[in-house]
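J.: Contents of query02.pdb (PDB, C-alpha atoms and all ligand atoms) are given next:
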ATOM      1  CA  MET A   1      50.456 151.285 115.730
ATOM      2  CA  LYS A   2      52.365 148.368 114.175
ATOM      3  CA  ILE A   3      55.586 149.541 112.567
ATOM      4  CA  VAL A   4      56.731 147.692 109.462
ATOM      5  CA  SER A   5      60.148 148.665 108.128
ATOM      6  CA  ALA A   6      63.097 147.350 106.136
ATOM      7  CA  TRP A   7      64.473 146.077 109.485
ATOM      8  CA  THR A   8      61.310 144.117 110.420
ATOM      9  CA  ARG A   9      61.201 142.667 106.886
ATOM     10  CA  GLN A  10      64.829 141.547 107.263
ATOM     11  CA  ILE A  11      64.017 139.996 110.678
ATOM     12  CA  GLU A  12      60.921 138.324 109.226
ATOM     13  CA  SER A  13      62.872 136.715 106.395
ATOM     14  CA  GLY A  14      65.593 135.479 108.767
ATOM     15  CA  GLN A  15      68.224 137.896 107.404
ATOM     16  CA  HIS A  16      70.698 139.716 109.604
ATOM     17  CA  PRO A  17      69.520 143.357 109.454
ATOM     18  CA  ASN A  18      72.007 145.840 108.009
ATOM     19  CA  SER A  19      72.693 149.468 108.991
ATOM     20  CA  ALA A  20      70.367 150.838 106.308
ATOM     21  CA  GLY A  21      67.548 148.599 107.632
ATOM     22  CA  LEU A  22      68.219 149.814 111.178
ATOM     23  CA  ARG A  23      68.129 153.457 110.082
ATOM     24  CA  ASN A  24      64.862 152.846 108.237
ATOM     25  CA  HIS A  25      63.356 151.180 111.338
ATOM     26  CA  LEU A  26      64.438 153.927 113.749
ATOM     27  CA  THR A  27      63.026 156.535 111.386
ATOM     28  CA  ALA A  28      59.698 154.680 111.134
ATOM     29  CA  VAL A  29      59.405 154.250 114.941
ATOM     30  CA  HIS A  30      60.406 157.808 115.839
ATOM     31  CA  ASP A  31      58.326 159.412 113.059
ATOM     32  CA  LYS A  32      55.199 157.903 114.636
ATOM     33  CA  ASN A  33      56.205 158.084 118.320
ATOM     34  CA  ALA A  34      58.469 161.117 118.723
ATOM     35  CA  GLY A  35      59.249 161.925 122.347
ATOM     36  CA  PHE A  36      58.563 158.416 123.668
ATOM     37  CA  THR A  37      61.911 158.035 125.464
ATOM     38  CA  GLU A  38      61.533 161.054 127.700
ATOM     39  CA  ARG A  39      57.920 160.188 128.593
ATOM     40  CA  PHE A  40      59.219 157.174 130.507
ATOM     41  CA  ALA A  41      62.874 157.932 131.275
ATOM     42  CA  TRP A  42      62.201 161.303 132.908
ATOM     43  CA  ASP A  43      60.230 159.655 135.720
ATOM     44  CA  CYS A  44      62.686 156.792 136.402
ATOM     45  CA  ARG A  45      64.876 157.718 139.392
ATOM     46  CA  ASP A  46      67.986 156.390 141.090
ATOM     47  CA  ALA A  47      68.288 155.920 144.874
ATOM     48  CA  ASN A  48      69.046 159.655 145.272
ATOM     49  CA  GLY A  49      65.951 160.698 143.319
ATOM     50  CA  LYS A  50      67.832 161.687 140.144
ATOM     51  CA  ASN A  51      66.786 160.671 136.667
ATOM     52  CA  SER A  52      69.326 159.685 134.027
ATOM     53  CA  TYR A  53      69.111 163.065 132.246
ATOM     54  CA  GLN A  54      70.112 164.780 135.512
ATOM     55  CA  LEU A  55      72.978 162.323 136.006
ATOM     56  CA  LEU A  56      74.350 163.267 132.578
ATOM     57  CA  ALA A  57      73.882 167.009 133.188
ATOM     58  CA  ASP A  58      75.879 166.589 136.431
ATOM     59  CA  VAL A  59      78.945 165.720 134.321
ATOM     60  CA  ILE A  60      79.134 169.338 133.103
ATOM     61  CA  ASP A  61      81.419 171.568 135.144
ATOM     62  CA  GLN A  62      80.841 175.154 134.142
ATOM     63  CA  LYS A  63      84.230 176.191 135.549
ATOM     64  CA  CYS A  64      85.959 174.363 132.688
ATOM     65  CA  HIS A  65      83.249 173.457 130.153
ATOM     66  CA  SER A  66      81.686 175.918 127.749
ATOM     67  CA  ASN A  67      80.652 173.844 124.682
ATOM     68  CA  VAL A  68      78.320 170.859 125.093
ATOM     69  CA  LEU A  69      76.893 168.610 122.368
ATOM     70  CA  ASP A  70      73.977 166.193 122.904
ATOM     71  CA  LEU A  71      74.305 163.300 120.456
ATOM     72  CA  GLY A  72      70.979 161.645 119.596
ATOM     73  CA  CYS A  73      69.230 164.522 121.394
ATOM     74  CA  GLY A  74      65.721 163.361 120.440
ATOM     75  CA  SER A  75      63.009 165.733 121.655
ATOM     76  CA  GLY A  76      65.578 167.983 123.388
ATOM     77  CA  VAL A  77      64.784 167.275 127.045
ATOM     78  CA  LEU A  78      68.439 166.996 128.096
ATOM     79  CA  LEU A  79      69.376 170.208 126.267
ATOM     80  CA  ASP A  80      66.454 171.947 127.982
ATOM     81  CA  LEU A  81      67.613 170.678 131.375
ATOM     82  CA  CYS A  82      71.207 171.867 130.725
ATOM     83  CA  TYR A  83      69.915 175.271 129.603
ATOM     84  CA  GLN A  84      67.813 175.605 132.758
ATOM     85  CA  LYS A  85      70.689 174.464 134.968
ATOM     86  CA  PHE A  86      73.548 176.456 133.443
ATOM     87  CA  GLY A  87      71.888 179.318 131.537
ATOM     88  CA  PRO A  88      72.743 180.812 128.133
ATOM     89  CA  GLU A  89      76.508 181.114 128.871
ATOM     90  CA  LEU A  90      76.869 177.411 128.113
ATOM     91  CA  VAL A  91      76.978 176.872 124.330
ATOM     92  CA  LEU A  92      74.653 173.935 123.705
ATOM     93  CA  SER A  93      73.939 172.060 120.489
ATOM     94  CA  GLY A  94      72.088 168.894 119.554
ATOM     95  CA  VAL A  95      72.280 166.304 116.786
ATOM     96  CA  ASP A  96      69.703 163.729 115.804
ATOM     97  CA  MET A  97      68.918 161.823 112.609
ATOM     98  CA  ASN A  98      65.164 162.089 113.098
ATOM     99  CA  ASP A  99      63.131 165.030 111.867
ATOM    100  CA  ALA A 100      60.036 164.371 114.039
ATOM    101  CA  GLU A 101      62.175 164.326 117.210
ATOM    102  CA  LEU A 102      63.993 167.500 116.137
ATOM    103  CA  LYS A 103      60.668 169.214 115.479
ATOM    104  CA  LEU A 104      59.719 168.650 119.148
ATOM    105  CA  ALA A 105      63.176 169.834 120.239
ATOM    106  CA  ARG A 106      62.869 173.007 118.120
ATOM    107  CA  GLN A 107      59.483 173.812 119.686
ATOM    108  CA  ARG A 108      60.744 173.196 123.205
ATOM    109  CA  LEU A 109      63.958 175.195 122.699
ATOM    110  CA  ALA A 110      62.483 178.020 120.581
ATOM    111  CA  HIS A 111      63.304 180.562 123.311
ATOM    112  CA  THR A 112      67.011 179.647 123.229
ATOM    113  CA  ASP A 113      69.780 179.924 120.623
ATOM    114  CA  ILE A 114      70.641 176.226 120.939
ATOM    115  CA  LYS A 115      71.643 174.884 117.507
ATOM    116  CA  LEU A 116      69.989 171.645 116.368
ATOM    117  CA  HIS A 117      71.331 169.617 113.440
ATOM    118  CA  GLN A 118      69.778 166.735 111.553
ATOM    119  CA  SER A 119      72.651 164.335 110.973
ATOM    120  CA  MET A 120      73.973 160.853 111.582
ATOM    121  CA  ALA A 121      76.247 160.677 114.622
ATOM    122  CA  GLN A 122      78.788 158.820 112.485
ATOM    123  CA  ASN A 123      79.619 161.954 110.520
ATOM    124  CA  LEU A 124      79.509 165.362 112.185
ATOM    125  CA  HIS A 125      81.316 167.199 109.354
ATOM    126  CA  PHE A 126      79.802 170.526 110.535
ATOM    127  CA  VAL A 127      81.480 170.246 113.971
ATOM    128  CA  ALA A 128      85.084 171.469 114.049
ATOM    129  CA  ASP A 129      87.892 169.307 115.444
ATOM    130  CA  ALA A 130      88.599 169.767 119.192
ATOM    131  CA  SER A 131      85.718 172.229 119.612
ATOM    132  CA  ILE A 132      83.465 170.479 122.156
ATOM    133  CA  ASP A 133      84.177 170.154 125.892
ATOM    134  CA  VAL A 134      81.450 167.628 126.690
ATOM    135  CA  VAL A 135      79.596 165.180 124.449
ATOM    136  CA  LEU A 136      76.502 163.731 126.114
ATOM    137  CA  CYS A 137      74.455 160.833 124.762
ATOM    138  CA  HIS A 138      71.283 159.679 126.512
ATOM    139  CA  TRP A 139      70.048 156.209 125.584
ATOM    140  CA  ALA A 140      71.082 156.535 121.929
ATOM    141  CA  LEU A 141      74.567 154.980 121.628
ATOM    142  CA  THR A 142      72.997 151.501 121.855
ATOM    143  CA  LEU A 143      71.182 152.190 118.587
ATOM    144  CA  MET A 144      74.143 153.484 116.596
ATOM    145  CA  ASP A 145      75.475 150.985 114.074
ATOM    146  CA  PRO A 146      78.227 151.101 112.989
ATOM    147  CA  VAL A 147      79.313 152.413 116.386
ATOM    148  CA  SER A 148      83.123 152.610 115.912
ATOM    149  CA  PRO A 149      82.857 155.695 113.637
ATOM    150  CA  VAL A 150      80.718 157.315 116.354
ATOM    151  CA  PHE A 151      83.517 156.854 118.912
ATOM    152  CA  ALA A 152      86.054 158.168 116.368
ATOM    153  CA  THR A 153      83.876 161.209 115.656
ATOM    154  CA  ILE A 154      83.414 161.970 119.354
ATOM    155  CA  LYS A 155      87.186 161.755 119.837
ATOM    156  CA  ARG A 156      87.726 164.109 116.875
ATOM    157  CA  VAL A 157      85.321 166.823 118.120
ATOM    158  CA  LEU A 158      86.333 166.679 121.807
ATOM    159  CA  THR A 159      88.897 169.111 123.221
ATOM    160  CA  ALA A 160      92.147 167.613 124.576
ATOM    161  CA  ASP A 161      90.672 167.394 128.093
ATOM    162  CA  GLY A 162      87.084 166.842 126.960
ATOM    163  CA  VAL A 163      84.553 164.406 128.429
ATOM    164  CA  PHE A 164      82.190 161.929 126.790
ATOM    165  CA  ALA A 165      79.300 160.683 128.944
ATOM    166  CA  ALA A 166      76.526 158.321 127.934
ATOM    167  CA  ILE A 167      73.605 156.437 129.451
ATOM    168  CA  ILE A 168      73.171 152.997 127.958
ATOM    169  CA  ASP A 169      71.417 149.736 128.780
ATOM    170  CA  GLY A 170      72.772 147.943 131.835
ATOM    171  CA  ASP A 171      73.020 144.367 133.007
ATOM    172  CA  THR A 172      69.516 142.858 133.146
ATOM    173  CA  ALA A 173      70.457 140.558 136.043
ATOM    174  CA  THR A 174      71.086 143.526 138.377
ATOM    175  CA  ALA A 175      67.504 144.857 138.235
ATOM    176  CA  PRO A 176      64.920 142.815 140.183
ATOM    177  CA  GLY A 177      61.954 141.858 138.008
ATOM    178  CA  TYR A 178      63.329 143.497 134.856
ATOM    179  CA  ALA A 179      63.937 140.210 133.021
ATOM    180  CA  GLU A 180      60.292 139.154 133.523
ATOM    181  CA  ILE A 181      58.991 142.446 132.117
ATOM    182  CA  HIS A 182      61.444 142.281 129.202
ATOM    183  CA  ASN A 183      60.391 138.694 128.506
ATOM    184  CA  ILE A 184      56.679 139.539 128.455
ATOM    185  CA  ILE A 185      57.274 142.269 125.848
ATOM    186  CA  TYR A 186      59.771 140.242 123.782
ATOM    187  CA  GLY A 187      57.496 137.190 124.003
ATOM    188  CA  TYR A 188      54.770 139.108 122.186
ATOM    189  CA  ALA A 189      57.262 140.458 119.619
ATOM    190  CA  GLN A 190      58.461 136.871 119.015
ATOM    191  CA  ARG A 191      54.899 135.660 118.393
ATOM    192  CA  GLU A 192      54.813 138.054 115.427
ATOM    193  CA  TYR A 193      58.532 137.832 114.497
ATOM    194  CA  PRO A 194      59.964 134.502 115.731
ATOM    195  CA  SER A 195      63.576 135.712 115.500
ATOM    196  CA  TYR A 196      62.899 139.034 117.251
ATOM    197  CA  GLY A 197      65.556 139.560 119.905
ATOM    198  CA  THR A 198      68.168 137.301 118.336
ATOM    199  CA  THR A 199      69.375 140.480 116.649
ATOM    200  CA  GLU A 200      69.233 143.595 118.802
ATOM    201  CA  LEU A 201      68.931 147.105 117.431
ATOM    202  CA  GLY A 202      72.442 148.512 117.139
ATOM    203  CA  ASP A 203      75.790 146.988 118.093
ATOM    204  CA  PRO A 204      75.245 144.400 120.887
ATOM    205  CA  ARG A 205      78.702 145.106 122.394
ATOM    206  CA  VAL A 206      77.429 148.472 123.658
ATOM    207  CA  ARG A 207      74.820 146.719 125.848
ATOM    208  CA  ARG A 208      77.437 144.898 127.955
ATOM    209  CA  ALA A 209      79.844 146.793 130.224
ATOM    210  CA  GLY A 210      82.790 144.622 129.093
ATOM    211  CA  GLY A 211      82.104 145.082 125.379
ATOM    212  CA  LEU A 212      81.475 148.796 125.846
ATOM    213  CA  LYS A 213      84.753 149.298 127.715
ATOM    214  CA  GLU A 214      86.667 147.405 125.034
ATOM    215  CA  LEU A 215      85.085 149.472 122.268
ATOM    216  CA  ALA A 216      85.703 152.773 124.064
ATOM    217  CA  SER A 217      89.315 151.804 124.863
ATOM    218  CA  LYS A 218      90.108 151.219 121.182
ATOM    219  CA  THR A 219      89.438 154.897 120.418
ATOM    220  CA  PHE A 220      90.167 156.509 123.782
ATOM    221  CA  ASN A 221      93.311 154.488 124.518
ATOM    222  CA  ASP A 222      94.904 157.150 126.745
ATOM    223  CA  SER A 223      91.776 158.244 128.658
ATOM    224  CA  ASP A 224      90.081 157.374 131.955
ATOM    225  CA  ILE A 225      87.102 155.168 131.160
ATOM    226  CA  ASN A 226      84.548 154.484 133.889
ATOM    227  CA  ILE A 227      81.316 152.539 133.701
ATOM    228  CA  THR A 228      78.954 152.898 136.668
ATOM    229  CA  PRO A 229      75.965 150.552 136.938
ATOM    230  CA  LEU A 230      72.681 152.288 137.792
ATOM    231  CA  LEU A 231      69.209 151.182 138.819
ATOM    232  CA  LEU A 232      66.409 153.546 137.821
ATOM    233  CA  GLY A 233      63.024 152.857 139.360
ATOM    234  CA  LEU A 234      59.475 153.996 138.731
ATOM    235  CA  ASN A 235      56.362 153.315 140.837
ATOM    236  CA  ALA A 236      52.846 153.795 139.497
ATOM    237  CA  ALA A 237      49.446 152.149 139.307
ATOM    238  CA  PRO A 238      49.769 148.831 137.428
ATOM    239  CA  ASP A 239      47.721 149.930 134.376
ATOM    240  CA  VAL A 240      49.654 153.208 134.059
ATOM    241  CA  LEU A 241      52.994 151.477 134.534
ATOM    242  CA  ALA A 242      52.117 148.826 131.924
ATOM    243  CA  ARG A 243      51.514 151.541 129.295
ATOM    244  CA  GLU A 244      54.529 153.640 130.303
ATOM    245  CA  ALA A 245      56.993 150.748 130.465
ATOM    246  CA  ALA A 246      55.776 149.222 127.180
ATOM    247  CA  GLY A 247      56.175 152.622 125.518
ATOM    248  CA  PHE A 248      59.910 152.594 126.265
ATOM    249  CA  PHE A 249      60.650 149.284 124.509
ATOM    250  CA  TYR A 250      61.234 149.342 120.733
ATOM    251  CA  ALA A 251      59.861 145.775 120.655
ATOM    252  CA  SER A 252      56.385 147.009 121.563
ATOM    253  CA  PHE A 253      56.215 149.158 118.407
ATOM    254  CA  VAL A 254      56.349 146.148 116.062
ATOM    255  CA  LEU A 255      53.205 144.574 117.556
ATOM    256  CA  SER A 256      49.814 144.354 115.904
ATOM    257  CA  GLU A 257      46.989 146.143 117.713
ATOM    258  CA  ALA A 258      45.701 142.849 119.132
ATOM    259  CA  GLY A 259      49.183 141.754 120.258
ATOM    260  CA  HIS A 260      49.834 145.142 121.847
ATOM    261  CA  HIS A 261      46.542 144.996 123.738
ATOM    262  CA  LYS A 262      47.264 141.498 125.106
ATOM    263  CA  MET A 263      50.795 142.503 126.072
ATOM    264  CA  LEU A 264      49.445 145.459 128.100
ATOM    265  CA  ILE A 265      47.053 143.126 129.934
ATOM    266  CA  ASP A 266      49.920 140.733 130.755
ATOM    267  CA  LEU A 267      52.125 143.574 131.948
ATOM    268  CA  GLU A 268      49.344 145.017 134.098
ATOM    269  CA  THR A 269      48.775 141.576 135.634
ATOM    270  CA  TYR A 270      52.503 141.271 136.319
ATOM    271  CA  PHE A 271      52.638 144.679 138.031
ATOM    272  CA  THR A 272      49.470 143.923 140.004
ATOM    273  CA  ASN A 273      50.875 140.601 141.240
ATOM    274  CA  HIS A 274      54.162 142.235 142.256
ATOM    275  CA  GLN A 275      52.818 145.402 143.910
ATOM    276  CA  LYS A 276      54.785 146.964 146.731
ATOM    277  CA  ASP A 277      52.994 149.317 149.139
ATOM    278  CA  GLY A 278      49.990 149.344 146.809
ATOM    279  CA  THR A 279      51.804 150.389 143.606
ATOM    280  CA  GLY A 280      53.449 148.622 140.693
ATOM    281  CA  CYS A 281      57.179 149.048 140.270
ATOM    282  CA  ILE A 282      59.774 148.701 137.521
ATOM    283  CA  VAL A 283      63.543 148.905 137.952
ATOM    284  CA  MET A 284      65.579 149.641 134.825
ATOM    285  CA  PRO A 285      69.244 148.583 134.622
ATOM    286  CA  ALA A 286      71.487 151.208 133.031
ATOM    287  CA  ASN A 287      75.174 152.017 132.721
ATOM    288  CA  LEU A 288      76.720 155.464 132.968
ATOM    289  CA  LEU A 289      79.831 155.610 130.776
ATOM    290  CA  ILE A 290      82.230 158.480 131.437
ATOM    291  CA  VAL A 291      85.350 158.914 129.301
ATOM    292  CA  ARG A 292      87.710 161.679 130.460
ATOM    293  CA  GLN A 293      90.532 162.617 128.105
ATOM    294  CA  ASN A 294      93.762 163.459 129.850
TER     295      ASN A 294
HETATM  296  C1  LIG B   1      65.917 156.265 122.433
HETATM  297  S1  LIG B   1      65.990 157.800 121.630
HETATM  298  C2  LIG B   1      66.681 158.881 122.867
HETATM  299  C3  LIG B   1      66.392 160.355 122.613
HETATM  300  C4  LIG B   1      66.913 161.302 123.678
HETATM  301  N1  LIG B   1      68.357 161.209 123.828
HETATM  302  C5  LIG B   1      66.235 160.997 124.994
HETATM  303  O1  LIG B   1      66.806 160.231 125.781
HETATM  304  O2  LIG B   1      65.142 161.507 125.262
HETATM  305  C6  LIG B   1      67.355 157.588 120.533
HETATM  306  C7  LIG B   1      67.588 158.767 119.606
HETATM  307  O3  LIG B   1      68.809 158.556 118.896
HETATM  308  C8  LIG B   1      68.618 158.919 117.555
HETATM  309  N2  LIG B   1      69.614 158.161 116.769
HETATM  310  C9  LIG B   1      69.750 156.821 116.704
HETATM  311  N3  LIG B   1      70.786 156.489 115.925
HETATM  312  C10 LIG B   1      71.336 157.653 115.503
HETATM  313  C11 LIG B   1      72.463 157.976 114.683
HETATM  314  N4  LIG B   1      73.235 157.027 114.158
HETATM  315  N5  LIG B   1      72.737 159.281 114.473
HETATM  316  C12 LIG B   1      71.968 160.258 115.018
HETATM  317  N6  LIG B   1      70.890 160.015 115.796
HETATM  318  C13 LIG B   1      70.590 158.726 116.039
HETATM  319  C14 LIG B   1      67.171 158.569 117.253
HETATM  320  O4  LIG B   1      66.679 159.273 116.151
HETATM  321  C15 LIG B   1      66.494 158.946 118.570
HETATM  322  O5  LIG B   1      66.024 160.260 118.561
END
Written as structure tokens, that's how I'd like the structure from this file.

T.:
Amino acid sequence: MKIVSAWTRQIESGQHPNSAGLRNHLTAVHDKNAGFTERFAWDCRDANGKNSYQLLADVIDQKCHSNVLDLGCGSGVLLDLCYQKFGPELVLSGVDMNDAELKLARQRLAHTDIKLHQSMAQNLHFVADASIDVVLCHWALTLMDPVSPVFATIKRVLTADGVFAAIIDGDTATAPGYAEIHNIIYGYAQREYPSYGTTELGDPRVRRAGGLKELASKTFNDSDINITPLLLGLNAAPDVLAREAAGFFYASFVLSEAGHHKMLIDLETYFTNHQKDGTGCIVMPANLLIVRQN
């Protein structure tokens, strides 16, 4: 269903979208499509068979970590995974700005005492200073604008030897075929909004390893900062993959019904023409950021 928001209206009129427009757009997309990230991201695996939620959960070391916060927790899949992996001794909490996502998280986590808060990541006034051992953030930092207050807030809530770990978009050039798939989807978005893509959702510095490291270093100037490039792949029948991959891109939510339908046909054709061993394949570029305070 075509999403029209303050952000799309700003894009349409050639304006540079502001933070309020971004918030309005994210709310509109997630209200109608809650849970869309996990539907695709859960099945995308690295060379060792791990998905990006598992890679973030691996950062937790129960010998020294007892309080973990998931920032931009969405439908709660990462919190659920951490609960299953570490049990109720680990104190878990989640924050998200979107009510529809939190509703799914509440349902999924009803059997736990995990606390969920509706809030902007820029201001976690309800989280005490130096109270969290690990802040995790799965594919949400890219969307947070302004992002500097998010880094400052994470620094404030982390313990002196706390860890911040995030999965964010990686370098397109490292993932074979990804640019073509991206261009098919963005091409359709640009037919409806000619300047779509000239302004990304969120702060563009977060999408490049260099910009991300510079941003993180400003706040965490005395910490170890590591960015590991990842490739996350998914194989499926071309028609299934076309729907699943399109469902992960925010650009696909701004399309009219007709545009969306044509885009799916183009994606299916792409995956059919590039089949390997009889299945379509997509490889997503991602970065794993890990900041360890000393
Ligand atoms: C792409 S989804 C990822 C959800 C979840 N982490 C996952 O991977 O399944 C991004 C999430 O970040 C949330 N979000 C974006 N900007 C935010 C902000 N400034 N403060 C709090 N939540 C935010 C959105 O509401 C959305 O649920």

J.: Determine, using all atoms listed in the file, which residues of chain A have any atom at most 6 Å from an atom of ligand LIG 1 (chain B), and tabulate each with its shortest atom pair and distance in Å to one decimal place, rows ordered by chain and then rising number, as a tab-separated table.

T.:
residue	atom	partner	partner_atom	distance
A:Thr37	CA	B:LIG1	O2	4.7
A:Glu38	CA	B:LIG1	O2	4.4
A:Gly72	CA	B:LIG1	O3	3.8
A:Cys73	CA	B:LIG1	N1	4.2
A:Gly74	CA	B:LIG1	O5	3.6
A:Ser75	CA	B:LIG1	O2	6.0
A:Asp96	CA	B:LIG1	N6	3.9
A:Met97	CA	B:LIG1	N6	4.2
A:Asn98	CA	B:LIG1	O4	4.4
A:Glu101	CA	B:LIG1	O5	5.8
A:Ser119	CA	B:LIG1	C12	5.8
A:Met120	CA	B:LIG1	N5	3.5
A:Ala121	CA	B:LIG1	N5	3.8
A:His138	CA	B:LIG1	N1	4.3
A:Trp139	CA	B:LIG1	C2	5.1
A:Ala140	CA	B:LIG1	C6	4.1
A:Leu143	CA	B:LIG1	N3	5.1
A:Met144	CA	B:LIG1	N4	4.4

J.: Given all atoms listed in the file as the basis, pick out the residue of A:Ile181, A:Ala246, A:Leu102, A:Val134 nearest to Cys64 of chain A.

T.: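 Between A:Ile181, A:Ala246, A:Leu102, A:Val134, the residue approaching Cys64 of chain A most closely is A:Val134.
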
J.: Find the distance between atom CA of Leu92 of chain A and atom CA of Val68 of chain A and write it in Å to one decimal.

T.: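 Computing the Euclidean distance for atom CA of Leu92 of chain A and atom CA of Val68 of chain A yields 5.0 Å.
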
J.: Determine the residue set returned by the PyMOL selection byres (((chain A and resi 28) around 10) and not hetatm) for the present structure, and present it as a PyMOL selection string.

T.: chain A and resi 3-7+22-27+29-33+98+253

J.: Care to translate the PyMOL selection byres (((chain A and resi 244) around 10) and not hetatm) into actual residues of this file, as a PyMOL selection string?

T.: chain A and resi 36-37+39-41+43+234+236+238-243+245-249+264

J.: Evaluate the PyMOL selection byres (((chain A and resi 212) around 12) and not hetatm) here and jot the selected residues down as a ChimeraX atom specification.

T.: /A:141-142,147-148,151,166-171,203-211,213-220,225-228,287-291

J.: Take the residues from that selection and write them out as a CSV table (one decimal), in the frame of the given file, keeping C-alpha atoms.

T.:
chain,number,residue,atom,x,y,z
A,141,LEU,CA,74.6,155.0,121.6
A,142,THR,CA,73.0,151.5,121.9
A,147,VAL,CA,79.3,152.4,116.4
A,148,SER,CA,83.1,152.6,115.9
A,151,PHE,CA,83.5,156.9,118.9
A,166,ALA,CA,76.5,158.3,127.9
A,167,ILE,CA,73.6,156.4,129.5
A,168,ILE,CA,73.2,153.0,128.0
A,169,ASP,CA,71.4,149.7,128.8
A,170,GLY,CA,72.8,147.9,131.8
A,171,ASP,CA,73.0,144.4,133.0
A,203,ASP,CA,75.8,147.0,118.1
A,204,PRO,CA,75.2,144.4,120.9
A,205,ARG,CA,78.7,145.1,122.4
A,206,VAL,CA,77.4,148.5,123.7
A,207,ARG,CA,74.8,146.7,125.8
A,208,ARG,CA,77.4,144.9,128.0
A,209,ALA,CA,79.8,146.8,130.2
A,210,GLY,CA,82.8,144.6,129.1
A,211,GLY,CA,82.1,145.1,125.4
A,213,LYS,CA,84.8,149.3,127.7
A,214,GLU,CA,86.7,147.4,125.0
A,215,LEU,CA,85.1,149.5,122.3
A,216,ALA,CA,85.7,152.8,124.1
A,217,SER,CA,89.3,151.8,124.9
A,218,LYS,CA,90.1,151.2,121.2
A,219,THR,CA,89.4,154.9,120.4
A,220,PHE,CA,90.2,156.5,123.8
A,225,ILE,CA,87.1,155.2,131.2
A,226,ASN,CA,84.5,154.5,133.9
A,227,ILE,CA,81.3,152.5,133.7
A,228,THR,CA,79.0,152.9,136.7
A,287,ASN,CA,75.2,152.0,132.7
A,288,LEU,CA,76.7,155.5,133.0
A,289,LEU,CA,79.8,155.6,130.8
A,290,ILE,CA,82.2,158.5,131.4
A,291,VAL,CA,85.4,158.9,129.3

J.: What gap, in Å, lies between atom CA of Val59 of chain A and atom CA of His125 of chain A?

T.: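 Value for the atom CA of Val59 of chain A-atom CA of His125 of chain A distance: 25.1 Å.
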
J.: Just how far from atom CA of Arg156 of chain A is atom CA of Thr112 of chain A, in Å to one decimal?

T.: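 Computing the Euclidean distance for atom CA of Thr112 of chain A and atom CA of Arg156 of chain A yields 26.7 Å.
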
J.: Measuring between all atoms listed in the file, which one of A:Ala160, A:Ala105, A:Ala258, A:Ala251 shows the shortest distance to Arg292 of chain A?

T.: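 Comparing A:Ala160, A:Ala105, A:Ala258, A:Ala251 against Arg292 of chain A, the winner is A:Ala160.
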
J.: Could you tell me, as a PDB file with C-alpha atoms, in the coordinates of the input, which residues have any atom at most 12 Å from (63.8, 158.5, 141.4), counting only C-alpha atoms?

T.:
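As written to disk, result02.pdb reads:
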ATOM      1  CA  PHE A  40      59.219 157.174 130.507  1.00  0.00           C
ATOM      2  CA  ALA A  41      62.874 157.932 131.275  1.00  0.00           C
ATOM      3  CA  TRP A  42      62.201 161.303 132.908  1.00  0.00           C
ATOM      4  CA  ASP A  43      60.230 159.655 135.720  1.00  0.00           C
ATOM      5  CA  CYS A  44      62.686 156.792 136.402  1.00  0.00           C
ATOM      6  CA  ARG A  45      64.876 157.718 139.392  1.00  0.00           C
ATOM      7  CA  ASP A  46      67.986 156.390 141.090  1.00  0.00           C
ATOM      8  CA  ALA A  47      68.288 155.920 144.874  1.00  0.00           C
ATOM      9  CA  ASN A  48      69.046 159.655 145.272  1.00  0.00           C
ATOM     10  CA  GLY A  49      65.951 160.698 143.319  1.00  0.00           C
ATOM     11  CA  LYS A  50      67.832 161.687 140.144  1.00  0.00           C
ATOM     12  CA  ASN A  51      66.786 160.671 136.667  1.00  0.00           C
ATOM     13  CA  SER A  52      69.326 159.685 134.027  1.00  0.00           C
ATOM     14  CA  TYR A  53      69.111 163.065 132.246  1.00  0.00           C
ATOM     15  CA  GLN A  54      70.112 164.780 135.512  1.00  0.00           C
ATOM     16  CA  LEU A  55      72.978 162.323 136.006  1.00  0.00           C
ATOM     17  CA  LEU A 230      72.681 152.288 137.792  1.00  0.00           C
ATOM     18  CA  LEU A 231      69.209 151.182 138.819  1.00  0.00           C
ATOM     19  CA  LEU A 232      66.409 153.546 137.821  1.00  0.00           C
ATOM     20  CA  GLY A 233      63.024 152.857 139.360  1.00  0.00           C
ATOM     21  CA  LEU A 234      59.475 153.996 138.731  1.00  0.00           C
ATOM     22  CA  ASN A 235      56.362 153.315 140.837  1.00  0.00           C
ATOM     23  CA  CYS A 281      57.179 149.048 140.270  1.00  0.00           C
ATOM     24  CA  ILE A 282      59.774 148.701 137.521  1.00  0.00           C
ATOM     25  CA  VAL A 283      63.543 148.905 137.952  1.00  0.00           C
ATOM     26  CA  MET A 284      65.579 149.641 134.825  1.00  0.00           C
TER      27      MET A 284
END

J.: So which one's closest to Arg191 of chain A, A:Gly177, A:Pro229, A:Gly259, A:Gly14? Using all atoms listed in the file, please.

T.: A:Gly259

J.: When distances are computed from only C-alpha atoms, which of A:Asn67, A:Asn273, A:Asn18, A:Ser252 shows the smallest separation from Ser93 of chain A?

T.: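 Closest to Ser93 of chain A, using only C-alpha atoms: A:Asn67.
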
J.: Pick out the closest residue to Ile185 of chain A from this set: A:Asp277, A:Asp145, A:Asp266, A:Asp222. Count all atoms listed in the file.

T.: A:Asp266
